[in-house]
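Asks: So here's start12.txt (compact mmCIF, C-alpha atoms and all ligand atoms).
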```txt
# COMPACT_ATOMS: atom_id res chain seq x y z
CA MET A 1 -30.50 -45.61 -69.47
CA LYS A 2 -31.90 -42.09 -68.99
CA LYS A 3 -33.20 -41.14 -65.55
CA ALA A 4 -36.19 -38.94 -64.74
CA LEU A 5 -37.52 -37.57 -61.47
CA VAL A 6 -41.24 -36.80 -61.30
CA CYS A 7 -42.40 -34.69 -58.34
CA GLY A 8 -46.15 -35.01 -57.86
CA ALA A 9 -46.08 -38.55 -59.31
CA GLY A 10 -49.01 -39.57 -57.12
CA GLY A 11 -51.20 -36.96 -58.76
CA PHE A 12 -53.23 -36.93 -61.97
CA ILE A 13 -50.75 -35.58 -64.53
CA GLY A 14 -47.68 -36.95 -62.72
CA SER A 15 -48.95 -40.53 -62.70
CA HIS A 16 -49.72 -40.39 -66.44
CA LEU A 17 -46.28 -38.86 -67.08
CA VAL A 18 -44.58 -41.70 -65.21
CA LYS A 19 -46.38 -44.24 -67.41
CA ARG A 20 -45.26 -42.46 -70.57
CA LEU A 21 -41.63 -42.14 -69.43
CA LYS A 22 -41.59 -45.86 -68.57
CA ARG A 23 -42.89 -46.68 -72.07
CA GLU A 24 -39.95 -44.67 -73.42
CA GLY A 25 -37.50 -46.80 -71.43
CA TYR A 26 -36.55 -44.30 -68.72
CA TRP A 27 -35.60 -45.21 -65.16
CA VAL A 28 -38.14 -43.17 -63.15
CA ARG A 29 -38.30 -42.04 -59.56
CA GLY A 30 -41.68 -40.70 -58.44
CA VAL A 31 -42.15 -38.55 -55.35
CA ASP A 32 -45.36 -37.52 -53.65
CA LEU A 33 -47.20 -37.32 -50.33
CA LYS A 34 -49.26 -40.26 -51.57
CA TYR A 35 -49.34 -43.09 -54.09
CA PRO A 36 -51.56 -42.69 -57.19
CA GLU A 37 -55.18 -43.19 -56.19
CA PHE A 38 -56.51 -45.18 -59.12
CA SER A 39 -53.73 -47.49 -60.33
CA GLU A 40 -50.38 -48.88 -59.23
CA THR A 41 -47.46 -46.57 -59.99
CA GLU A 42 -45.13 -47.76 -62.73
CA ALA A 43 -42.17 -45.84 -61.29
CA ASP A 44 -39.04 -47.89 -60.59
CA ASP A 45 -38.71 -46.12 -57.28
CA PHE A 46 -41.50 -44.23 -55.49
CA VAL A 47 -40.61 -42.12 -52.47
CA ILE A 48 -43.32 -40.91 -50.12
CA GLY A 49 -42.41 -37.61 -48.52
CA ASP A 50 -43.08 -33.91 -48.14
CA LEU A 51 -41.44 -31.57 -50.65
CA ARG A 52 -41.99 -28.63 -48.29
CA ASP A 53 -39.03 -30.05 -46.38
CA PRO A 54 -35.72 -28.89 -47.96
CA TYR A 55 -33.78 -31.85 -46.52
CA PHE A 56 -36.24 -34.28 -48.04
CA CYS A 57 -35.85 -32.53 -51.42
CA ARG A 58 -32.08 -32.87 -51.24
CA SER A 59 -32.39 -36.53 -50.32
CA ILE A 60 -34.42 -37.39 -53.43
CA VAL A 61 -32.10 -35.51 -55.80
CA ASP A 62 -29.25 -37.86 -54.92
CA THR A 63 -28.18 -38.79 -58.44
CA LYS A 64 -27.77 -37.06 -61.78
CA PHE A 65 -31.23 -37.07 -63.31
CA ASP A 66 -31.43 -36.23 -67.03
CA GLU A 67 -34.90 -34.76 -66.61
CA VAL A 68 -36.70 -33.42 -63.53
CA TYR A 69 -40.43 -32.70 -63.75
CA GLN A 70 -41.81 -30.53 -60.93
CA LEU A 71 -45.58 -31.02 -60.92
CA ALA A 72 -46.27 -31.13 -57.18
CA ALA A 73 -48.57 -28.36 -55.95
CA ASP A 74 -51.33 -27.74 -53.49
CA MET A 75 -54.10 -27.45 -56.00
CA GLY A 76 -57.64 -28.27 -56.94
CA GLY A 77 -60.64 -27.25 -58.97
CA ALA A 78 -62.77 -24.16 -58.50
CA GLY A 79 -64.22 -25.57 -55.28
CA TYR A 80 -60.76 -25.49 -53.68
CA VAL A 81 -59.04 -22.57 -55.39
CA PHE A 82 -61.72 -19.90 -55.75
CA THR A 83 -63.44 -19.88 -52.37
CA GLY A 84 -60.54 -18.03 -50.71
CA ASP A 85 -60.57 -20.42 -47.74
CA ASN A 86 -57.38 -22.22 -48.80
CA ASP A 87 -55.30 -19.27 -50.01
CA ALA A 88 -52.66 -19.34 -47.27
CA ASP A 89 -52.05 -23.07 -47.69
CA ILE A 90 -51.98 -22.89 -51.49
CA MET A 91 -49.38 -20.09 -51.55
CA HIS A 92 -47.24 -21.35 -48.68
CA ASN A 93 -47.14 -25.01 -49.68
CA SER A 94 -46.58 -24.60 -53.41
CA ALA A 95 -44.00 -21.81 -53.07
CA LEU A 96 -41.99 -23.91 -50.59
CA ILE A 97 -42.03 -26.91 -52.92
CA ASN A 98 -40.68 -24.84 -55.82
CA LEU A 99 -38.05 -23.02 -53.72
CA ASN A 100 -36.80 -26.29 -52.29
CA MET A 101 -36.77 -28.30 -55.50
CA LEU A 102 -34.92 -25.64 -57.47
CA ASP A 103 -32.31 -25.31 -54.75
CA ALA A 104 -31.89 -29.09 -54.48
CA CYS A 105 -31.47 -29.40 -58.27
CA TYR A 106 -29.03 -26.49 -58.42
CA ARG A 107 -26.86 -28.02 -55.67
CA ARG A 108 -26.80 -31.32 -57.52
CA ASN A 109 -25.98 -29.64 -60.83
CA ILE A 110 -29.16 -30.89 -62.47
CA LYS A 111 -29.46 -29.12 -65.79
CA ARG A 112 -32.98 -29.56 -67.02
CA ILE A 113 -36.12 -29.01 -64.95
CA PHE A 114 -39.73 -28.68 -66.08
CA TYR A 115 -42.25 -26.56 -64.19
CA SER A 116 -46.02 -26.81 -64.61
CA SER A 117 -47.49 -23.34 -64.42
CA SER A 118 -51.11 -22.60 -65.22
CA ALA A 119 -53.50 -20.56 -67.34
CA CYS A 120 -54.58 -19.13 -63.97
CA ILE A 121 -51.66 -16.67 -64.17
CA TYR A 122 -53.41 -14.65 -66.90
CA PRO A 123 -54.90 -11.31 -65.86
CA LYS A 124 -58.53 -11.21 -64.89
CA TYR A 125 -59.06 -8.01 -66.94
CA ASN A 126 -58.43 -9.95 -70.18
CA GLN A 127 -60.93 -12.67 -69.31
CA GLU A 128 -64.13 -10.73 -68.59
CA ASP A 129 -65.68 -11.38 -72.02
CA PRO A 130 -66.60 -15.06 -72.27
CA ASN A 131 -66.54 -14.93 -76.09
CA ASN A 132 -63.20 -13.23 -76.47
CA PRO A 133 -60.70 -14.05 -73.70
CA LYS A 134 -57.06 -13.16 -74.26
CA CYS A 135 -54.46 -15.69 -73.15
CA SER A 136 -51.46 -15.13 -75.39
CA GLU A 137 -48.23 -15.72 -73.47
CA ASP A 138 -47.19 -12.06 -73.74
CA SER A 139 -50.41 -10.88 -72.07
CA ALA A 140 -49.38 -12.12 -68.59
CA TYR A 141 -48.26 -8.61 -67.52
CA PRO A 142 -49.32 -6.24 -65.99
CA ALA A 143 -50.16 -9.16 -63.73
CA ALA A 144 -53.60 -9.53 -62.21
CA PRO A 145 -54.45 -13.23 -61.70
CA ASP A 146 -57.87 -13.81 -60.17
CA SER A 147 -56.65 -16.25 -57.51
CA GLU A 148 -53.76 -16.65 -55.08
CA TYR A 149 -53.10 -19.97 -56.83
CA GLY A 150 -52.37 -17.94 -59.99
CA TRP A 151 -50.14 -15.49 -58.10
CA GLU A 152 -48.05 -18.31 -56.67
CA LYS A 153 -47.67 -19.83 -60.14
CA LEU A 154 -46.52 -16.48 -61.50
CA PHE A 155 -44.03 -16.05 -58.66
CA SER A 156 -42.68 -19.54 -59.27
CA GLU A 157 -42.40 -18.98 -63.03
CA ARG A 158 -40.19 -16.00 -62.20
CA LEU A 159 -38.20 -18.06 -59.72
CA TYR A 160 -37.45 -20.70 -62.39
CA LEU A 161 -36.55 -17.99 -64.90
CA ALA A 162 -34.19 -16.40 -62.35
CA TYR A 163 -32.37 -19.73 -61.84
CA HIS A 164 -32.11 -19.93 -65.61
CA ARG A 165 -30.61 -16.43 -65.91
CA ASN A 166 -28.34 -16.54 -62.87
CA TYR A 167 -27.26 -20.18 -62.76
CA GLY A 168 -27.73 -21.36 -66.35
CA MET A 169 -30.29 -23.99 -65.43
CA GLU A 170 -32.26 -25.18 -68.46
CA VAL A 171 -35.76 -24.61 -67.18
CA ARG A 172 -38.87 -25.39 -69.21
CA ILE A 173 -42.16 -23.73 -68.26
CA ALA A 174 -45.62 -24.73 -69.50
CA ARG A 175 -48.90 -23.02 -68.69
CA TYR A 176 -51.42 -25.85 -68.62
CA HIS A 177 -55.06 -25.11 -69.45
CA ASN A 178 -57.64 -27.41 -67.73
CA ILE A 179 -56.28 -30.91 -68.21
CA PHE A 180 -58.76 -33.77 -67.95
CA GLY A 181 -58.96 -37.52 -68.45
CA PRO A 182 -59.28 -40.86 -66.68
CA GLU A 183 -57.70 -41.31 -63.25
CA GLY A 184 -58.18 -37.66 -62.33
CA THR A 185 -59.95 -36.41 -59.21
CA TRP A 186 -63.68 -36.81 -59.85
CA ILE A 187 -65.25 -36.15 -56.43
CA GLY A 188 -64.49 -34.36 -53.15
CA GLY A 189 -64.20 -30.67 -54.08
CA ARG A 190 -60.87 -30.61 -55.95
CA GLU A 191 -62.22 -32.03 -59.22
CA LYS A 192 -62.38 -29.93 -62.40
CA ALA A 193 -65.46 -29.20 -64.52
CA PRO A 194 -65.23 -32.16 -66.99
CA ALA A 195 -64.92 -34.78 -64.23
CA ALA A 196 -67.50 -33.02 -62.04
CA LEU A 197 -70.04 -32.86 -64.87
CA CYS A 198 -69.37 -36.48 -65.91
CA ARG A 199 -70.03 -37.46 -62.29
CA LYS A 200 -73.21 -35.40 -62.06
CA VAL A 201 -74.59 -36.81 -65.32
CA ALA A 202 -73.70 -40.42 -64.48
CA THR A 203 -75.08 -40.08 -60.94
CA ALA A 204 -78.36 -38.53 -62.11
CA ILE A 205 -78.88 -41.27 -64.68
CA LEU A 206 -78.06 -44.08 -62.26
CA LYS A 207 -80.32 -42.60 -59.57
CA GLY A 208 -83.15 -41.87 -62.02
CA GLU A 209 -83.02 -38.08 -61.52
CA ASP A 210 -83.90 -35.74 -64.38
CA TYR A 211 -81.56 -32.79 -63.73
CA ILE A 212 -78.00 -31.79 -62.91
CA GLU A 213 -76.72 -28.68 -61.14
CA VAL A 214 -74.20 -26.38 -62.81
CA TRP A 215 -72.32 -23.63 -60.95
CA GLY A 216 -73.04 -20.11 -62.23
CA ASP A 217 -75.10 -19.23 -65.30
CA GLY A 218 -73.39 -21.84 -67.48
CA LYS A 219 -72.24 -19.19 -69.96
CA GLN A 220 -68.67 -19.00 -68.66
CA THR A 221 -66.27 -20.40 -71.27
CA ARG A 222 -63.24 -22.68 -71.04
CA SER A 223 -61.19 -25.07 -73.13
CA PHE A 224 -60.15 -28.52 -71.93
CA LEU A 225 -57.14 -30.59 -72.91
CA TYR A 226 -57.05 -34.37 -72.84
CA ILE A 227 -54.26 -35.81 -70.68
CA ASP A 228 -52.36 -37.63 -73.47
CA GLU A 229 -51.91 -34.39 -75.38
CA CYS A 230 -50.78 -32.62 -72.22
CA ILE A 231 -48.05 -35.24 -71.74
CA GLU A 232 -47.07 -35.05 -75.42
CA GLY A 233 -46.70 -31.26 -75.23
CA THR A 234 -44.79 -31.49 -71.96
CA LEU A 235 -42.21 -33.90 -73.40
CA ARG A 236 -41.88 -31.92 -76.62
CA LEU A 237 -41.19 -28.74 -74.65
CA MET A 238 -38.81 -30.48 -72.24
CA ARG A 239 -36.73 -31.86 -75.09
CA SER A 240 -36.70 -28.66 -77.14
CA ASN A 241 -34.14 -25.90 -76.87
CA TRP A 242 -36.67 -23.37 -75.70
CA THR A 243 -37.55 -22.22 -72.16
CA GLY A 244 -41.13 -20.96 -72.58
CA PRO A 245 -43.41 -20.10 -70.81
CA VAL A 246 -45.85 -21.58 -73.30
CA ASN A 247 -49.54 -22.48 -73.24
CA ILE A 248 -50.29 -26.20 -73.34
CA GLY A 249 -54.02 -26.25 -73.91
CA SER A 250 -56.81 -26.72 -76.38
CA GLU A 251 -58.25 -23.94 -78.54
CA GLU A 252 -61.70 -25.60 -78.67
CA MET A 253 -63.58 -23.22 -76.39
CA VAL A 254 -67.02 -24.19 -75.03
CA THR A 255 -69.43 -22.79 -72.47
CA ILE A 256 -69.94 -24.86 -69.34
CA ASP A 257 -73.53 -25.54 -70.49
CA GLN A 258 -72.18 -26.79 -73.85
CA LEU A 259 -69.75 -29.03 -71.98
CA ALA A 260 -72.66 -30.45 -69.97
CA GLU A 261 -74.67 -31.00 -73.18
CA MET A 262 -71.74 -32.82 -74.81
CA ILE A 263 -71.48 -35.14 -71.82
CA MET A 264 -75.24 -35.80 -71.85
CA ASN A 265 -75.00 -36.69 -75.56
CA ILE A 266 -72.21 -39.15 -74.82
CA ALA A 267 -74.25 -40.62 -71.96
CA GLY A 268 -77.28 -40.81 -74.28
CA LYS A 269 -79.64 -38.98 -71.93
CA LYS A 270 -80.99 -35.44 -71.92
CA LEU A 271 -81.20 -33.92 -68.44
CA LYS A 272 -82.33 -30.46 -67.28
CA ILE A 273 -79.56 -28.06 -66.28
CA VAL A 274 -80.27 -26.18 -63.05
CA HIS A 275 -77.97 -23.22 -62.47
CA VAL A 276 -76.94 -22.74 -58.85
CA PRO A 277 -74.56 -20.30 -57.15
CA GLY A 278 -70.99 -21.55 -56.92
CA PRO A 279 -67.36 -20.55 -57.43
CA GLN A 280 -66.60 -19.97 -61.11
CA GLY A 281 -63.31 -18.19 -61.68
CA VAL A 282 -62.94 -15.90 -64.69
CA ARG A 283 -65.78 -15.49 -67.22
CA GLY A 284 -63.84 -16.78 -70.19
CA ARG A 285 -60.60 -18.62 -70.91
CA ASN A 286 -59.16 -20.28 -73.97
CA SER A 287 -55.71 -21.40 -74.98
CA ASP A 288 -53.82 -19.41 -77.60
CA ASN A 289 -51.62 -21.85 -79.49
CA ARG A 290 -49.81 -19.54 -81.89
CA LEU A 291 -46.56 -19.57 -79.91
CA ILE A 292 -46.41 -23.33 -79.34
CA LYS A 293 -46.96 -23.89 -83.07
CA GLU A 294 -44.24 -21.41 -83.93
CA LYS A 295 -41.66 -22.72 -81.44
CA LEU A 296 -42.38 -26.44 -81.33
CA GLY A 297 -44.12 -26.96 -84.68
CA TRP A 298 -46.86 -28.80 -82.83
CA ALA A 299 -50.14 -28.10 -81.03
CA PRO A 300 -52.88 -30.27 -79.53
CA SER A 301 -55.49 -31.39 -82.04
CA MET A 302 -57.75 -34.00 -80.42
CA PRO A 303 -61.45 -32.98 -80.45
CA LEU A 304 -62.91 -32.39 -76.98
CA LYS A 305 -65.63 -34.96 -77.65
CA GLU A 306 -63.10 -37.78 -78.09
CA GLY A 307 -61.45 -37.13 -74.73
CA LEU A 308 -64.84 -36.75 -73.03
CA LYS A 309 -66.01 -40.15 -74.30
CA ILE A 310 -63.04 -41.88 -72.66
CA THR A 311 -63.34 -39.82 -69.49
CA TYR A 312 -67.11 -40.31 -69.14
CA LYS A 313 -66.72 -44.07 -69.33
CA TRP A 314 -64.10 -44.00 -66.58
CA VAL A 315 -66.04 -41.63 -64.29
CA GLU A 316 -69.22 -43.66 -64.80
CA GLU A 317 -67.37 -46.76 -63.56
CA GLN A 318 -66.23 -44.86 -60.45
CA VAL A 319 -69.78 -43.66 -59.76
CA LYS A 320 -71.12 -47.21 -60.17
CA LYS A 321 -68.52 -48.53 -57.72
CA SER A 322 -69.36 -45.79 -55.21
CA LEU A 323 -73.07 -46.61 -55.46
CA GLY A 324 -72.40 -50.32 -55.12
CA ILE A 325 -73.61 -51.03 -58.69
CA ARG A 326 -71.69 -53.71 -60.57
P1 LIG A 401 -52.75 -33.23 -58.58
O1 LIG A 401 -53.27 -32.52 -57.38
O2 LIG A 401 -53.44 -34.46 -59.02
O3 LIG A 401 -51.21 -33.56 -58.38
C1 LIG A 401 -50.36 -32.78 -57.58
C2 LIG A 401 -49.65 -33.73 -56.64
O4 LIG A 401 -48.75 -32.99 -55.82
C3 LIG A 401 -50.61 -34.48 -55.68
O5 LIG A 401 -50.51 -35.87 -55.87
C4 LIG A 401 -50.14 -34.06 -54.31
O6 LIG A 401 -50.20 -35.08 -53.33
C5 LIG A 401 -48.70 -33.65 -54.58
N1 LIG A 401 -48.22 -32.77 -53.52
C6 LIG A 401 -48.85 -31.68 -53.02
N2 LIG A 401 -48.14 -31.18 -51.99
C7 LIG A 401 -47.03 -31.96 -51.87
C8 LIG A 401 -45.93 -31.96 -50.98
N3 LIG A 401 -45.83 -31.03 -50.02
N4 LIG A 401 -44.98 -32.92 -51.12
C9 LIG A 401 -45.10 -33.88 -52.08
N5 LIG A 401 -46.11 -33.92 -52.95
C10 LIG A 401 -47.07 -32.98 -52.84
O7 LIG A 401 -52.70 -32.14 -59.75
P2 LIG A 401 -52.48 -32.33 -61.31
O8 LIG A 401 -53.77 -32.03 -61.98
O9 LIG A 401 -51.78 -33.60 -61.59
O10 LIG A 401 -51.51 -31.10 -61.61
C11 LIG A 401 -50.09 -31.22 -61.69
C12 LIG A 401 -49.48 -29.84 -61.85
O11 LIG A 401 -50.00 -29.19 -63.00
C13 LIG A 401 -49.73 -28.91 -60.68
O12 LIG A 401 -48.58 -28.14 -60.44
C14 LIG A 401 -50.84 -28.02 -61.16
O13 LIG A 401 -50.84 -26.78 -60.52
C15 LIG A 401 -50.50 -27.92 -62.64
N6 LIG A 401 -51.69 -27.59 -63.44
C16 LIG A 401 -52.67 -28.52 -63.59
C17 LIG A 401 -53.79 -28.21 -64.34
C18 LIG A 401 -54.90 -29.21 -64.54
O14 LIG A 401 -55.87 -28.89 -65.22
N7 LIG A 401 -54.83 -30.41 -63.97
C19 LIG A 401 -53.92 -26.95 -64.93
C20 LIG A 401 -52.91 -26.02 -64.75
C21 LIG A 401 -51.79 -26.35 -64.02
```
Mind converting the file's structure to structure tokens?
Ligand code: NAD
Replies:
Amino acid sequence: MKKALVCGAGGFIGSHLVKRLKREGYWVRGVDLKYPEFSETEADDFVIGDLRDPYFCRSIVDTKFDEVYQLAADMGGAGYVFTGDNDADIMHNSALINLNMLDACYRRNIKRIFYSSSACIYPKYNQEDPNNPKCSEDSAYPAAPDSEYGWEKLFSERLYLAYHRNYGMEVRIARYHNIFGPEGTWIGGREKAPAALCRKVATAILKGEDYIEVWGDGKQTRSFLYIDECIEGTLRLMRSNWTGPVNIGSEEMVTIDQLAEMIMNIAGKKLKIVHVPGPQGVRGRNSDNRLIKEKLGWAPSMPLKEGLKITYKWVEEQVKKSLGIR
């Protein structure tokens, strides 16, 4: 039986990845500071602990895993990453996790390790035009990410690549672009735009309000990838013979106002959009899937609307529970 280690298994993507690996018959160990928030973990073994501690990292890599997935990071949505208030924690915590996990895997002679980087590594100067952002993999340098979160991801990409060059480790690096879906953070400041807007729409409807607030002018653009396709791309990359880095994202770019309108259509209610000041990140961002198609012969294809329908239903249930509505 193949064995996989998932770091960050209590988080959004990690908990979905554990489920998928279990369906494929793997023995899975999950590691995180916390258990998954919204459903029981399916991992065979789940270790609670802090990956900033090198001794803890060595203790969890105590057997020969066939696949190690390093997803743990101090992260969040725009409300956490772009205010600047959490920069020191974001850089310190995530860098330590990656330094420790790579060292622990190297000592244990683990061959294959996956690292989840981010579209946030791309330079700000290529993302000023909301209608024409550039995010091809080769445009990462000269580096100029717009957040310290992005700088840490870029540093860690280089760290993984260095272990590949110097020690022959088979690293696999993906740059995820805005992953969304059920069982993701939907409230509290770390949630991403799709979950936040689903919450705002559901809350307004349930409370009988006729508007929602959107950060910025609503003209900033993004693309959003449904969780199942993120996991599919991750496994395809992990099991390929290619290191990356590669974008794992959707090419269906929308403005934030369009995203809000799509959610209102799904909810069946038209609400006013009130634009308010708030952290926004870059003006435009979209995935560029030419390289993934060329190297893996695959790219995500699910329409945004389909993923939003599933996600809205789930967020709406959470809002109802929080408001005491059955
Ligand atoms: P998440 O916050 O839900 O999951 C990350 C998990 O890491 C959390 O459960 C957290 O408790 C855990 N963690 C943090 N510090 C830890 C520590 N010191 N020790 C042990 N565990 C620790 O985030 P996610 O959305 O599942 O993202 C997973 C990975 O993908 C992250 O590396 C993130 O940067 C990357 N990524 C995500 C997106 C996205 O849209 N979700 C986009 C780009 C990149």
Asks: Per residue of chain A within 6 Å of ligand LIG 401 (chain A), which atom pair is closest and at what distance in Å (one decimal), using all atoms listed in the file, listed by chain and increasing number, as CSV?
Replies:
```
residue,atom,partner,partner_atom,distance
A:Gly8,CA,A:LIG401,O4,3.9
A:Gly10,CA,A:LIG401,O5,4.2
A:Gly11,CA,A:LIG401,O5,3.2
A:Phe12,CA,A:LIG401,O9,3.7
A:Ile13,CA,A:LIG401,O9,3.7
A:Gly14,CA,A:LIG401,O9,5.4
A:Asp32,CA,A:LIG401,N5,3.7
A:Leu33,CA,A:LIG401,C9,4.4
A:Lys34,CA,A:LIG401,O6,5.6
A:Gly49,CA,A:LIG401,C9,5.8
A:Asp50,CA,A:LIG401,N4,3.7
A:Leu51,CA,A:LIG401,N4,3.8
A:Arg52,CA,A:LIG401,N3,4.8
A:Leu71,CA,A:LIG401,C12,4.2
A:Ala72,CA,A:LIG401,O4,3.4
A:Ala73,CA,A:LIG401,C6,4.4
A:Asp74,CA,A:LIG401,C6,4.7
A:Met75,CA,A:LIG401,O1,5.3
A:Ser116,CA,A:LIG401,O11,4.9
A:Ser117,CA,A:LIG401,C21,5.3
A:Ser118,CA,A:LIG401,C20,3.9
A:Tyr176,CA,A:LIG401,C20,4.2
A:His177,CA,A:LIG401,C19,5.0
A:Asn178,CA,A:LIG401,O14,3.4
A:Ile179,CA,A:LIG401,O14,3.6
```
Asks: If you measure from atom CA of Thr311 of chain A to atom CA of Thr41 of chain A, what distance in Å do you get, rounded to one decimal?
Replies: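 We find that atom CA of Thr311 of chain A and atom CA of Thr41 of chain A lie 19.7 Å from each other.
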Asks: Select from segment 239-258 of chain A every residue with an atom at most 12 Å from any atom of segment 201-215 of chain A, then for each give the shortest pair of atoms and their distance in Å to one decimal, using only C-alpha atoms, rows by chain and rising number, as a Markdown table.
Replies:
```
| residue | atom | partner | partner_atom | distance |
| --- | --- | --- | --- | --- |
| A:Thr255 | CA | A:Val214 | CA | 11.4 |
| A:Ile256 | CA | A:Val214 | CA | 7.9 |
| A:Asp257 | CA | A:Val214 | CA | 7.8 |
| A:Gln258 | CA | A:Val214 | CA | 11.2 |
```
Asks: So that each row is one residue of segment 212-247 of chain A with an atom at most 8 Å from segment 287-294 of chain A, can you give its shortest atom pair and the distance in Å to one decimal, using only C-alpha atoms, rows by chain and rising number, as CSV?
Replies:
```
residue,atom,partner,partner_atom,distance
A:Ser223,CA,A:Ser287,CA,6.8
A:Val246,CA,A:Ile292,CA,6.3
A:Asn247,CA,A:Ser287,CA,6.5
```
Asks: May I ask which of the residues A:Ile173, A:Arg222, A:Leu308, A:Met262 is the closest one to Pro133 of chain A, counting all atoms listed in the file?
Replies: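 So, comparing all the options, the nearest one is A:Arg222.
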Asks: Which is closer to Thr221 of chain A than all the others in A:Ala4, A:Ala43, A:Val68, A:Ala193, using only C-alpha atoms?
Replies: A:Ala193
Asks: When you draw a straight line from atom CA of Ala119 of chain A to atom CA of Ile263 of chain A, how long is it in Å?
Replies: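 Atom CA of Ala119 of chain A sits 23.6 Å away from atom CA of Ile263 of chain A.
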Asks: For a cut-off of 10 Å around (-49.2, -16.3, -67.8), file coordinates, pick out all residues using all atoms listed in the file and list them as a VMD selection string.
Replies: chain A and resid 117 to 123 135 to 141 143 to 145 150 to 151 153 to 154 157 174 to 176 245 to 247
Asks: Just how far from atom CA of Val276 of chain A is atom CA of Asp146 of chain A, in Å to one decimal?
Replies: 21.1 Å
Asks: Excluding segment 84-86 of chain A and residues on its chain fewer than 3 positions from it, collect all residues at most 10 Å away from it, counting only C-alpha atoms, and give them as an NGL selection string.
Replies: :A and (74-75 or 79-81 or 89-91 or 147-149 or 279)
Asks: Of the candidates A:Arg29, A:His164, A:Arg172, A:Lys22, which one gets nearest to Leu237 of chain A if we count all atoms listed in the file?
Replies: A:Arg172
Asks: Using all atoms listed in the file, which of A:Leu99, A:Ile231, A:Ala260, A:Met238 sits nearest Asp66 of chain A?
Replies: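 Comparing A:Leu99, A:Ile231, A:Ala260, A:Met238 against Asp66 of chain A, the winner is A:Met238.
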Asks: Do you know which residues are at most 12 Å from Lys2 of chain A counting all atoms listed in the file, after dropping those on the same chain fewer than 6 positions away, and could you put them as a PyMOL selection string?
Replies: chain A and resi 21-22+24-29+63-68
Asks: Using only C-alpha atoms for the distances, tell me which of A:Tyr55, A:Tyr312, A:Trp298, A:Tyr106 is nearest to Leu259 of chain A.
Replies: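 That would be A:Tyr312, the residue with the smallest distance to Leu259 of chain A.
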Asks: Using all atoms listed in the file, can you tell me which of A:Ile110, A:Cys198, A:Met101, A:Ile273 comes closest to Gly184 of chain A?
Replies: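 Looking only at the distances to Gly184 of chain A, the closest residue turns out to be A:Cys198.
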Asks: Report as a PyMOL selection string all protein, DNA and RNA residues lying within 9 Å of His16 of chain A, evaluated on all atoms listed in the file, omitting residues in the same chain fewer than 6 positions from it.
Replies: chain A and resi 9+183+227-228+231
Asks: Name all residues at most 12 Å from Asp53 of chain A (count only C-alpha atoms; drop same-chain ones fewer than 4 positions away) and give them as a PDB file with C-alpha atoms, in the frame of the given file.
Replies:
```pdb
ATOM      1  CA  LEU A  33     -47.200 -37.320 -50.330  1.00  0.00           C
ATOM      2  CA  GLY A  49     -42.410 -37.610 -48.520  1.00  0.00           C
ATOM      3  CA  CYS A  57     -35.850 -32.530 -51.420  1.00  0.00           C
ATOM      4  CA  ARG A  58     -32.080 -32.870 -51.240  1.00  0.00           C
ATOM      5  CA  SER A  59     -32.390 -36.530 -50.320  1.00  0.00           C
ATOM      6  CA  ILE A  60     -34.420 -37.390 -53.430  1.00  0.00           C
ATOM      7  CA  ASN A  93     -47.140 -25.010 -49.680  1.00  0.00           C
ATOM      8  CA  SER A  94     -46.580 -24.600 -53.410  1.00  0.00           C
ATOM      9  CA  ALA A  95     -44.000 -21.810 -53.070  1.00  0.00           C
ATOM     10  CA  LEU A  96     -41.990 -23.910 -50.590  1.00  0.00           C
ATOM     11  CA  ILE A  97     -42.030 -26.910 -52.920  1.00  0.00           C
ATOM     12  CA  ASN A  98     -40.680 -24.840 -55.820  1.00  0.00           C
ATOM     13  CA  LEU A  99     -38.050 -23.020 -53.720  1.00  0.00           C
ATOM     14  CA  ASN A 100     -36.800 -26.290 -52.290  1.00  0.00           C
ATOM     15  CA  MET A 101     -36.770 -28.300 -55.500  1.00  0.00           C
ATOM     16  CA  ASP A 103     -32.310 -25.310 -54.750  1.00  0.00           C
ATOM     17  CA  ALA A 104     -31.890 -29.090 -54.480  1.00  0.00           C
TER      18      ALA A 104
END
```
Asks: Near Trp186 of chain A, counting only C-alpha atoms, which residues have an atom at most 10 Å away, once you skip same-chain residues fewer than 5 positions from it, shown as a CSV table (one decimal) with C-alpha atoms, keeping the file's coordinate frame?
Replies:
```csv
chain,number,residue,atom,x,y,z
A,180,PHE,CA,-58.8,-33.8,-68.0
A,181,GLY,CA,-59.0,-37.5,-68.4
A,191,GLU,CA,-62.2,-32.0,-59.2
A,192,LYS,CA,-62.4,-29.9,-62.4
A,193,ALA,CA,-65.5,-29.2,-64.5
A,194,PRO,CA,-65.2,-32.2,-67.0
A,195,ALA,CA,-64.9,-34.8,-64.2
A,196,ALA,CA,-67.5,-33.0,-62.0
A,197,LEU,CA,-70.0,-32.9,-64.9
A,198,CYS,CA,-69.4,-36.5,-65.9
A,199,ARG,CA,-70.0,-37.5,-62.3
A,200,LYS,CA,-73.2,-35.4,-62.1
A,314,TRP,CA,-64.1,-44.0,-66.6
A,315,VAL,CA,-66.0,-41.6,-64.3
A,318,GLN,CA,-66.2,-44.9,-60.4
A,319,VAL,CA,-69.8,-43.7,-59.8
```
